[in-house]
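Asker: The file below is query_14.tsv, TSV, C-alpha atoms:
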chain	number	residue	atom	x	y	z
J	1	MET	CA	-45.50	-193.92	22.13
J	2	LYS	CA	-42.36	-192.37	20.72
J	3	LYS	CA	-44.30	-189.10	20.17
J	4	ILE	CA	-45.72	-189.06	23.72
J	5	ILE	CA	-42.33	-189.20	25.46
J	6	PRO	CA	-40.99	-185.97	23.82
J	7	LEU	CA	-44.30	-184.24	24.66
J	8	LEU	CA	-44.02	-185.26	28.32
J	9	LEU	CA	-40.41	-184.02	28.44
J	10	LEU	CA	-41.46	-180.68	26.92
J	11	LEU	CA	-44.35	-180.32	29.42
J	12	PHE	CA	-42.00	-181.08	32.33
J	13	ALA	CA	-39.52	-178.45	31.09
J	14	CYS	CA	-42.25	-175.79	30.82
J	15	THR	CA	-43.54	-176.61	34.31
J	16	THR	CA	-40.03	-176.30	35.74
J	17	LEU	CA	-39.61	-172.87	34.12
J	18	VAL	CA	-42.95	-171.64	35.57
J	19	PHE	CA	-42.05	-172.68	39.11
J	20	ALA	CA	-38.58	-171.20	38.76
J	21	GLU	CA	-40.07	-167.82	37.75
J	22	GLY	CA	-42.49	-167.99	40.69
J	23	ASP	CA	-39.65	-168.60	43.15
J	24	GLU	CA	-37.71	-165.69	41.66
J	25	TYR	CA	-40.76	-163.44	42.10
J	26	GLU	CA	-41.09	-164.44	45.76
J	27	ASP	CA	-37.39	-163.76	46.31
J	28	ASP	CA	-37.85	-160.30	44.81
J	29	GLN	CA	-40.71	-159.67	47.22
J	30	ASP	CA	-38.50	-160.66	50.16
J	31	ILE	CA	-35.85	-158.24	48.98
J	32	ASP	CA	-38.42	-155.46	48.68
J	33	ASN	CA	-39.64	-156.13	52.21
J	34	ASP	CA	-36.11	-155.58	53.44
J	35	ASP	CA	-36.13	-152.10	51.94
J	36	PRO	CA	-35.27	-149.67	54.81
J	37	ALA	CA	-38.00	-147.34	53.55
J	38	LEU	CA	-40.58	-150.00	54.45
J	39	GLU	CA	-39.20	-150.84	57.87
J	40	ILE	CA	-41.10	-149.76	60.98
J	41	ASP	CA	-39.27	-147.20	63.05
J	42	GLU	CA	-38.88	-149.02	66.34
J	43	SER	CA	-37.81	-145.77	68.00
J	44	ASP	CA	-41.47	-144.77	68.07
J	45	ASP	CA	-42.02	-147.51	70.63
J	46	ILE	CA	-39.48	-146.05	73.09
J	47	TYR	CA	-41.24	-144.89	76.25
J	48	ARG	CA	-40.78	-141.25	77.17
J	49	PRO	CA	-42.38	-139.89	80.36
J	50	ASN	CA	-43.19	-136.52	78.77
J	51	GLY	CA	-44.20	-135.29	75.34
J	52	ASN	CA	-45.49	-132.27	73.48
J	53	GLY	CA	-48.44	-130.79	75.36
J	54	ASP	CA	-47.84	-132.60	78.66
J	55	GLN	CA	-48.12	-130.34	81.70
J	56	TYR	CA	-47.32	-130.35	85.39
J	57	ILE	CA	-47.95	-128.28	88.49
J	58	LYS	CA	-45.19	-128.09	91.09
J	59	ILE	CA	-45.41	-127.27	94.80
J	60	ALA	CA	-42.21	-126.65	96.77
J	61	LEU	CA	-41.21	-125.88	100.35
J	62	MET	CA	-37.67	-124.53	100.70
J	63	GLY	CA	-35.15	-123.16	103.13
J	64	GLU	CA	-33.83	-119.74	102.03
J	65	PHE	CA	-30.18	-118.91	102.72
J	66	PRO	CA	-28.84	-115.34	102.15
J	67	LEU	CA	-25.33	-115.28	100.70
J	68	ASN	CA	-24.14	-111.66	100.78
J	69	PHE	CA	-25.70	-109.93	103.79
J	70	ASP	CA	-23.21	-110.98	106.46
J	71	ASP	CA	-25.32	-111.30	109.62
J	72	LYS	CA	-27.97	-108.76	108.60
J	73	LEU	CA	-30.30	-111.45	107.25
J	74	LYS	CA	-30.92	-114.83	108.81
J	75	THR	CA	-31.99	-118.10	107.24
J	76	GLY	CA	-35.62	-117.98	106.15
J	77	GLY	CA	-38.03	-120.00	104.10
J	78	ALA	CA	-40.08	-119.97	100.92
J	79	ALA	CA	-43.04	-121.68	99.29
J	80	GLU	CA	-43.44	-121.95	95.53
J	81	ILE	CA	-46.12	-123.00	93.07
J	82	GLY	CA	-45.60	-123.26	89.33
J	83	TYR	CA	-47.20	-124.35	86.07
J	84	HIS	CA	-45.14	-125.84	83.22
J	85	ARG	CA	-45.93	-127.20	79.74
J	86	PHE	CA	-43.66	-129.35	77.57
J	87	LEU	CA	-42.85	-128.35	73.99
J	88	ASN	CA	-41.30	-131.78	73.35
J	89	SER	CA	-39.90	-134.64	75.42
J	90	PHE	CA	-37.18	-132.53	77.02
J	91	VAL	CA	-38.06	-128.80	77.01
J	92	ALA	CA	-40.83	-127.06	78.97
J	93	LEU	CA	-41.92	-123.43	79.42
J	94	GLY	CA	-43.60	-122.27	82.59
J	95	PHE	CA	-44.38	-119.70	85.25
J	96	ASP	CA	-43.43	-119.81	88.95
J	97	VAL	CA	-44.74	-117.70	91.82
J	98	SER	CA	-43.21	-117.93	95.28
J	99	PHE	CA	-43.29	-116.22	98.65
J	100	GLY	CA	-40.08	-115.94	100.63
J	101	TYR	CA	-38.97	-114.36	103.89
J	102	ASN	CA	-35.79	-113.79	105.86
J	103	PRO	CA	-35.65	-112.42	109.44
J	104	THR	CA	-33.29	-109.51	110.10
J	105	ILE	CA	-31.02	-108.86	113.07
J	106	GLY	CA	-33.56	-106.35	114.38
J	107	SER	CA	-36.32	-108.98	114.52
J	108	ASN	CA	-37.93	-107.48	111.43
J	109	MET	CA	-38.79	-109.34	108.25
J	110	PHE	CA	-37.63	-109.00	104.66
J	111	THR	CA	-40.26	-110.53	102.36
J	112	TYR	CA	-40.40	-111.01	98.60
J	113	VAL	CA	-42.80	-112.40	96.01
J	114	PRO	CA	-40.95	-113.41	92.81
J	115	MET	CA	-42.98	-113.99	89.62
J	116	VAL	CA	-40.80	-115.71	87.06
J	117	LEU	CA	-41.08	-116.99	83.49
J	118	THR	CA	-39.03	-120.17	83.13
J	119	THR	CA	-37.46	-122.48	80.57
J	120	THR	CA	-36.70	-126.02	81.71
J	121	VAL	CA	-34.54	-128.69	80.08
J	122	GLN	CA	-35.24	-132.09	81.61
J	123	PRO	CA	-33.15	-135.17	80.76
J	124	TYR	CA	-34.19	-138.45	82.32
J	125	ILE	CA	-32.94	-141.96	83.02
J	126	GLY	CA	-35.80	-144.39	83.41
J	127	PRO	CA	-38.09	-143.04	86.17
J	128	PHE	CA	-35.46	-140.50	87.31
J	129	GLU	CA	-35.82	-136.93	85.96
J	130	PHE	CA	-33.25	-134.12	86.25
J	131	PRO	CA	-34.75	-130.69	85.44
J	132	LEU	CA	-32.47	-127.70	84.85
J	133	THR	CA	-34.34	-124.38	84.87
J	134	PHE	CA	-33.53	-120.77	84.07
J	135	GLY	CA	-35.99	-117.99	84.94
J	136	ILE	CA	-36.37	-114.23	84.59
J	137	GLY	CA	-39.08	-112.05	86.05
J	138	ALA	CA	-40.08	-109.44	88.58
J	139	ALA	CA	-40.42	-109.43	92.36
J	140	LEU	CA	-42.32	-107.43	94.96
J	141	GLU	CA	-39.92	-106.80	97.84
J	142	SER	CA	-40.82	-105.36	101.23
J	143	TYR	CA	-38.86	-104.33	104.28
J	144	LEU	CA	-40.35	-102.26	107.10
J	145	ASN	CA	-42.43	-99.57	105.35
J	146	ARG	CA	-40.41	-99.66	102.10
J	147	ASN	CA	-41.79	-101.55	99.07
J	148	TYR	CA	-39.88	-102.13	95.87
J	149	PHE	CA	-41.60	-103.18	92.65
J	150	PRO	CA	-40.88	-104.29	90.02
J	151	GLY	CA	-37.53	-105.69	91.04
J	152	LEU	CA	-35.58	-107.75	88.52
J	153	ILE	CA	-35.07	-111.37	89.46
J	154	LEU	CA	-32.89	-114.00	87.80
J	155	LYS	CA	-32.82	-117.58	88.99
J	156	GLY	CA	-31.31	-120.93	88.12
J	157	GLN	CA	-32.59	-124.28	89.43
J	158	GLY	CA	-31.42	-127.85	89.39
J	159	GLY	CA	-33.24	-130.87	90.75
J	160	ALA	CA	-33.62	-134.63	90.85
J	161	PHE	CA	-37.03	-136.36	90.82
J	162	TYR	CA	-38.42	-139.85	90.91
J	163	ARG	CA	-41.53	-140.56	88.82
J	164	VAL	CA	-43.60	-142.58	91.28
J	165	THR	CA	-46.63	-142.85	89.00
J	166	GLU	CA	-47.68	-141.43	85.66
J	167	SER	CA	-49.28	-138.50	87.53
J	168	TRP	CA	-46.86	-137.84	90.40
J	169	SER	CA	-43.14	-137.24	90.86
J	170	PHE	CA	-41.28	-136.24	94.01
J	171	GLY	CA	-37.81	-134.92	94.54
J	172	VAL	CA	-35.41	-132.24	95.72
J	173	GLU	CA	-34.47	-128.97	94.09
J	174	SER	CA	-31.90	-126.25	94.69
J	175	GLU	CA	-32.15	-122.67	93.45
J	176	PHE	CA	-29.81	-119.70	93.07
J	177	MET	CA	-31.53	-116.31	92.96
J	178	TYR	CA	-30.26	-112.81	92.12
J	179	MET	CA	-32.43	-109.82	93.16
J	180	PRO	CA	-31.02	-106.30	92.63
J	181	GLN	CA	-32.60	-103.03	93.79
J	182	TRP	CA	-31.87	-99.90	91.77
J	183	TYR	CA	-33.10	-96.43	92.82
J	184	SER	CA	-32.90	-93.47	90.46
J	185	LYS	CA	-33.43	-90.82	93.20
J	186	HIS	CA	-31.61	-92.59	96.04
J	187	SER	CA	-28.58	-94.28	94.53
J	188	ASP	CA	-27.17	-94.89	98.01
J	189	TRP	CA	-30.06	-97.34	98.51
J	190	ASN	CA	-28.93	-99.47	95.57
J	191	ASP	CA	-28.29	-103.03	96.63
J	192	TYR	CA	-28.58	-106.61	95.45
J	193	GLY	CA	-29.41	-109.89	97.08
J	194	LEU	CA	-27.97	-113.34	96.44
J	195	PHE	CA	-29.93	-116.27	97.83
J	196	LEU	CA	-29.53	-120.03	97.75
J	197	SER	CA	-32.48	-122.27	98.50
J	198	ALA	CA	-33.01	-126.00	98.84
J	199	GLY	CA	-36.19	-127.92	99.42
J	200	LEU	CA	-38.67	-130.68	98.74
J	201	VAL	CA	-40.90	-130.62	95.66
J	202	ALA	CA	-44.02	-132.49	94.55
J	203	ARG	CA	-45.17	-132.38	90.93
J	204	TYR	CA	-48.55	-133.36	89.50
J	205	HIS	CA	-48.40	-134.37	85.81
J	206	PHE	CA	-51.37	-134.27	83.46
What do you get writing this file as structure tokens?

Answerer:
Amino acid sequence: MKKIIPLLLLLFACTTLVFAEGDEYEDDQDIDNDDPALEIDESDDIYRPNGNGDQYIKIALMGEFPLNFDDKLKTGGAAEIGYHRFLNSFVALGFDVSFGYNPTIGSNMFTYVPMVLTTTVQPYIGPFEFPLTFGIGAALESYLNRNYFPGLILKGQGGAFYRVTESWSFGVESEFMYMPQWYSKHSDWNDYGLFLSAGLVARYHF
């Protein structure tokens, strides 16, 4: 009996050491699981309305207001269609084609067809999107029997849109446009046009 009691005490001590080592091992595992390298990046779960490869087609109807022709040109209008593709969540490249007109004081018509390559930066807040666009391109300009092509065109746009569904957004957009005309043989014909437009825009996203 005296021999059994020390053996039981020794067995109890060994068992205690085994469980203590097991608890220490589990604690080490918990520490390893807290390693930042093993954490899931929750930022990947943040919803963004646009991403790399997303595209949209825009259709716009605008009023066209001449800024530097005094009373020679009257308020006109323009229609625009464009295609744009996102490089990431905020930046898109695209191409816009529009047709614009302004009546003259002689009841004639000044018309122009700008074709513009664009870069758009689009921040957003929830379903609201705010594209800022810069474009450069060429325009076909016509007045009476005089055509001018290619005419340089520079434009800047700013807008505000509401993303109604995943596929559609609607909003307003304003545009400033610079269109110079330079003639090598008739320098007295040289001129430039400044125009401001504002209108309604629909965009189809896919």

Asker: Nearest to Tyr178 in chain J among J:Lys155, J:Arg48, J:His84, J:Lys58, with distances taken over only C-alpha atoms: which residue is it?

Answerer: J:Lys155

Asker: Give me the range 86-162 of chain J side of the contact with range 181-191 of chain J, cut-off 12 Å, one line per residue showing its nearest atom pair and distance in Å at one decimal, counting only C-alpha atoms, sorted by chain and residue number, as JSON lines.

Answerer:
{"residue": "J:Ala138", "atom": "CA", "partner": "J:Gln181", "partner_atom": "CA", "distance": 11.1}
{"residue": "J:Ala139", "atom": "CA", "partner": "J:Gln181", "partner_atom": "CA", "distance": 10.2}
{"residue": "J:Leu140", "atom": "CA", "partner": "J:Gln181", "partner_atom": "CA", "distance": 10.7}
{"residue": "J:Glu141", "atom": "CA", "partner": "J:Gln181", "partner_atom": "CA", "distance": 9.2}
{"residue": "J:Ser142", "atom": "CA", "partner": "J:Gln181", "partner_atom": "CA", "distance": 11.3}
{"residue": "J:Arg146", "atom": "CA", "partner": "J:Trp189", "partner_atom": "CA", "distance": 11.2}
{"residue": "J:Asn147", "atom": "CA", "partner": "J:Gln181", "partner_atom": "CA", "distance": 10.7}
{"residue": "J:Tyr148", "atom": "CA", "partner": "J:Gln181", "partner_atom": "CA", "distance": 7.6}
{"residue": "J:Phe149", "atom": "CA", "partner": "J:Gln181", "partner_atom": "CA", "distance": 9.1}
{"residue": "J:Pro150", "atom": "CA", "partner": "J:Gln181", "partner_atom": "CA", "distance": 9.2}
{"residue": "J:Gly151", "atom": "CA", "partner": "J:Gln181", "partner_atom": "CA", "distance": 6.2}
{"residue": "J:Leu152", "atom": "CA", "partner": "J:Gln181", "partner_atom": "CA", "distance": 7.7}
{"residue": "J:Ile153", "atom": "CA", "partner": "J:Gln181", "partner_atom": "CA", "distance": 9.7}

Asker: So for range 69-84 of chain J, what box centre and size do we get, axis-aligned, 8 Å extra on each of the six sides, every listed atom, Å to one decimal, as AutoDock Vina command-line options?

Answerer:
--center_x -35.2 --center_y -117.3 --center_z 96.4 --size_x 40.0 --size_y 33.1 --size_z 42.4

Asker: When you count only C-alpha atoms, which of these residues is closest to Glu64 in chain J: J:Gly135, J:Pro49, J:Gly100, J:Pro180?

Answerer: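 Going through J:Gly135, J:Pro49, J:Gly100, J:Pro180 one by one, the smallest distance to Glu64 in chain J is for J:Gly100.
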
Asker: Quick check, in Å to one decimal: how far apart do CA of Lys72 in chain J and CA of Gly106 in chain J lie?

Answerer: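 The value is 8.4 Å.
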
Asker: Using all atoms listed in the file, which residues sit within 10 Å of Phe86 in chain J once same-chain residues fewer than 4 positions away are excluded, as a short mmCIF file (atom, residue, chain, number, x, y, z; two decimals) with C-alpha atoms, in the coordinates of the input?

Answerer:
data_model
loop_
_atom_site.label_atom_id
_atom_site.label_comp_id
_atom_site.auth_asym_id
_atom_site.auth_seq_id
_atom_site.Cartn_x
_atom_site.Cartn_y
_atom_site.Cartn_z
CA ASN J 50 -43.19 -136.52 78.77
CA GLY J 51 -44.20 -135.29 75.34
CA ASN J 52 -45.49 -132.27 73.48
CA GLY J 53 -48.44 -130.79 75.36
CA ASP J 54 -47.84 -132.60 78.66
CA GLN J 55 -48.12 -130.34 81.70
CA TYR J 56 -47.32 -130.35 85.39
CA PHE J 90 -37.18 -132.53 77.02
CA VAL J 91 -38.06 -128.80 77.01
CA ALA J 92 -40.83 -127.06 78.97
CA LEU J 93 -41.92 -123.43 79.42
CA GLY J 94 -43.60 -122.27 82.59
CA THR J 119 -37.46 -122.48 80.57
CA THR J 120 -36.70 -126.02 81.71
CA VAL J 121 -34.54 -128.69 80.08
CA GLN J 122 -35.24 -132.09 81.61
#

Asker: List as a ChimeraX atom specification the protein and nucleic acid residues near Trp168 in chain J, meaning an atom at most 7 Å away when only C-alpha atoms are counted, but skip any in the same chain fewer than 2 places from it.

Answerer: /J:163-166,170,203-205

Asker: Restricting the calculation to all atoms listed in the file, which member of J:Leu144, J:Met62, J:Leu194, J:Met177 is positioned closest to Thr111 in chain J?

Answerer: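 That would be J:Leu144, the residue with the smallest distance to Thr111 in chain J.
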
Asker: Kindly give the distance, in Å, that separates CA of Tyr162 in chain J and CA of Pro127 in chain J, rounded to a single decimal.

Answerer: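 For CA of Tyr162 in chain J relative to CA of Pro127 in chain J, the distance reads 5.7 Å.
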